[in-house]
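K.L.:
The structure is given below, and queries will be raised subsequently.
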Amino acid sequence: MNNLFPIFLKLENLHTLIVGGGYVGLEKITAVLDNSPEATVTLVSPEIRQEIRDIAMDNARITLIERKFQDKDLVEKDLVIVATNDKEENKRIKLVARAKHMLCNVADTPDLCDFYLSSVVRKGNLKVAISTNGMSPTMAKRLKEVLNEALPDNLETAMEQLKAVRDMLKGDFAYKVDELNRITSVLVEKPEGK
């Protein structure tokens, strides 16, 4: 059973630490910046891929530190993503982060994760995150493709119109919710005979 609590973080208000500068580190920094282009990220690794260097060169909010991780790297960070090839070091970093009450994701090690990075479908301001509870990133990727095709491209216009209606509605919160539910019910109604 998937007991994960889904949230969307405003990473532009947080400082993210990524430990590892290889392919997985590149994947993680790309995921962070694709979803939160204004995120502040520090990446620590003795070796850093050129693609990561290129990303950092174009983004003043990214700091690269070319050396092994040190516990002091967690100071003034809000969450950490660990992406090294050293399983014992990954586990150690997780324990240090836990002692500092920091959220930690250890790539490809669900048992050491406080959170997972999800597959994301984007249509304008709509974001749908997909979780398989760490069981199958490949399944999440395939579901992302299906949803991306299934959701219409004009959702942004519909959301703007609903926001305008919400802003015009008078009454208390419950009344507004009831009205918006009534207006949007056509989105989930099944045609007769189905």
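Here, A, B, ... name the chains of the structure tokens in the order displayed, residue numbers run from 1 inside each chain, and ligands are numbered from 1 in the same displayed order.
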Within 10 Å of segment 17-21 of chain A, counting only C-alpha atoms, which residues show up once you throw out same-chain ones fewer than 5 positions away? Write them as an MDAnalysis selection string, please.

P.N.:
chainID A and resid 26:29 32 40:53 62:70 73:86 90 93 104:106

K.L.:
Considering only strand (DSSP E) as DSSP defines it on the backbone, what residues of chain A qualify? List them as number ranges by chain.

P.N.:
A: 15-19, 40-44, 62-65, 79-82, 103-106, 119-123, 126-130

K.L.:
Based on DSSP run over this structure's backbone, return all residues of segment 33-120 of chain A in alpha helix (DSSP H), as a ChimeraX atom specification.

P.N.:
/A:33-35,50-57,87-99

K.L.:
Restrict the selected residues to C-alpha atoms and save them as a PDB file, in the first residue's frame.

P.N.:
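Result went into out30.pdb, see below:
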```pdb
ATOM      1  CA  LEU A  33      15.750  22.510 -12.245  1.00  0.00           C
ATOM      2  CA  ASP A  34      13.133  21.278 -14.725  1.00  0.00           C
ATOM      3  CA  ASN A  35      10.526  21.529 -11.991  1.00  0.00           C
ATOM      4  CA  GLN A  50      30.787  18.406 -17.911  1.00  0.00           C
ATOM      5  CA  GLU A  51      27.019  18.544 -18.468  1.00  0.00           C
ATOM      6  CA  ILE A  52      26.583  19.589 -14.817  1.00  0.00           C
ATOM      7  CA  ARG A  53      29.312  22.201 -15.219  1.00  0.00           C
ATOM      8  CA  ASP A  54      27.519  23.561 -18.278  1.00  0.00           C
ATOM      9  CA  ILE A  55      24.250  23.826 -16.358  1.00  0.00           C
ATOM     10  CA  ALA A  56      25.998  25.612 -13.485  1.00  0.00           C
ATOM     11  CA  MET A  57      27.757  28.022 -15.845  1.00  0.00           C
ATOM     12  CA  LYS A  87      26.556   2.642  -0.875  1.00  0.00           C
ATOM     13  CA  GLU A  88      28.221   2.867   2.543  1.00  0.00           C
ATOM     14  CA  GLU A  89      28.891   6.592   2.127  1.00  0.00           C
ATOM     15  CA  ASN A  90      25.298   7.094   0.957  1.00  0.00           C
ATOM     16  CA  LYS A  91      24.058   5.390   4.119  1.00  0.00           C
ATOM     17  CA  ARG A  92      26.395   7.477   6.289  1.00  0.00           C
ATOM     18  CA  ILE A  93      25.228  10.732   4.670  1.00  0.00           C
ATOM     19  CA  LYS A  94      21.620   9.671   5.261  1.00  0.00           C
ATOM     20  CA  LEU A  95      22.356   9.111   8.974  1.00  0.00           C
ATOM     21  CA  VAL A  96      24.064  12.507   9.310  1.00  0.00           C
ATOM     22  CA  ALA A  97      21.139  14.197   7.535  1.00  0.00           C
ATOM     23  CA  ARG A  98      18.659  12.388   9.819  1.00  0.00           C
ATOM     24  CA  ALA A  99      20.548  13.602  12.904  1.00  0.00           C
TER      25      ALA A  99
END
```

K.L.:
Would you compute the distance between atom CA of Leu151 of chain A and atom CA of Ser185 of chain A? Give it in Å to one decimal.

P.N.:
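Interatomic distance, atom CA of Leu151 of chain A to atom CA of Ser185 of chain A: 16.6 Å.
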
K.L.:
Identify, on the basis of only C-alpha atoms, every residue whose closest approach to segment 125-128 of chain A does not exceed 8 Å; exclude the query and any residue fewer than 5 positions from it along the same chain; express the result as a ChimeraX atom specification.

P.N.:
/A:120,155-156

K.L.:
Those same residues, written as a short mmCIF file (atom, residue, chain, number, x, y, z; two decimals), in the first residue's frame with all heavy atoms?

P.N.:
```cif
data_model
loop_
_atom_site.label_atom_id
_atom_site.label_comp_id
_atom_site.auth_asym_id
_atom_site.auth_seq_id
_atom_site.Cartn_x
_atom_site.Cartn_y
_atom_site.Cartn_z
N VAL A 120 6.65 13.40 -13.57
CA VAL A 120 5.78 14.56 -13.58
C VAL A 120 5.22 14.81 -14.98
O VAL A 120 5.96 14.81 -15.95
CB VAL A 120 6.53 15.82 -13.09
CG1 VAL A 120 5.65 17.05 -13.14
CG2 VAL A 120 7.06 15.60 -11.67
N LEU A 155 -5.73 22.87 -21.24
CA LEU A 155 -6.09 22.91 -19.82
C LEU A 155 -5.77 24.26 -19.19
O LEU A 155 -6.46 24.70 -18.28
CB LEU A 155 -5.37 21.80 -19.06
CG LEU A 155 -5.94 20.41 -19.23
CD1 LEU A 155 -5.05 19.38 -18.56
CD2 LEU A 155 -7.34 20.34 -18.67
N GLU A 156 -4.73 24.93 -19.65
CA GLU A 156 -4.34 26.23 -19.08
C GLU A 156 -5.49 27.23 -19.24
O GLU A 156 -5.81 27.95 -18.29
CB GLU A 156 -3.08 26.75 -19.78
CG GLU A 156 -2.49 27.97 -19.13
CD GLU A 156 -1.83 27.70 -17.79
OE1 GLU A 156 -1.59 26.53 -17.45
OE2 GLU A 156 -1.57 28.67 -17.07
#
```

K.L.:
When you draw a straight line from atom CA of Lys141 of chain A to atom CA of Ser119 of chain A, how long is it in Å?

P.N.:
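It comes out at 6.0 Å.
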
K.L.:
What does the distance between atom CA of Gly22 of chain A and atom CA of Lys72 of chain A come to in Å, to one decimal place?

P.N.:
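It comes out at 21.3 Å.
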
K.L.:
Point out the residue among A:Gly25, A:Pro110, A:Gly124, A:Pro6 with the least atom-to-atom distance to Met159 of chain A, counting only C-alpha atoms.

P.N.:
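Smallest distance to Met159 of chain A is found for A:Gly124.
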
K.L.:
Leu162 of chain A: which residues within 12 Å, counting only C-alpha atoms, same-chain residues fewer than 6 positions away excluded, as a ChimeraX atom specification?

P.N.:
/A:155-156,168-169,176-177,179-184

K.L.:
Could you list, as a compact mmCIF listing (two decimals) with N, CA, C and O atoms, in the first residue's frame, every residue within 10 Å of Lys10 of chain A, counting only C-alpha atoms and ignoring same-chain residues fewer than 4 positions away?

P.N.:
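What landed in around-v9.txt:
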```txt
# COMPACT_ATOMS: atom_id res chain seq x y z
N LEU A 14 14.00 27.08 -0.71
CA LEU A 14 14.83 26.14 0.03
C LEU A 14 16.21 26.04 -0.60
O LEU A 14 16.42 26.50 -1.72
N ASN A 35 11.74 21.26 -12.76
CA ASN A 35 10.53 21.53 -11.99
C ASN A 35 10.58 22.85 -11.23
O ASN A 35 9.55 23.46 -10.99
N SER A 36 11.76 23.26 -10.83
CA SER A 36 11.93 24.49 -10.05
C SER A 36 13.15 25.26 -10.58
O SER A 36 14.23 25.21 -9.98
N GLU A 38 14.14 28.17 -10.42
CA GLU A 38 14.73 29.17 -9.52
C GLU A 38 15.32 28.53 -8.26
O GLU A 38 15.67 29.25 -7.31
N ALA A 39 15.43 27.21 -8.21
CA ALA A 39 15.96 26.53 -7.04
C ALA A 39 17.42 26.89 -6.81
O ALA A 39 18.19 27.08 -7.76
```

K.L.:
Out of A:Val146, A:Val121, A:Cys113, A:Ala158, which residue has the shortest atom-to-atom distance to Gly134 of chain A when counting only C-alpha atoms?

P.N.:
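Looking only at the distances to Gly134 of chain A, the closest residue turns out to be A:Cys113.
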
K.L.:
Looking at only C-alpha atoms, which of A:Phe115, A:Glu149, A:Tyr23, A:Lys144 is the one that sits closest to Leu103 of chain A?

P.N.:
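Selected residue with least distance to Leu103 of chain A: A:Phe115.
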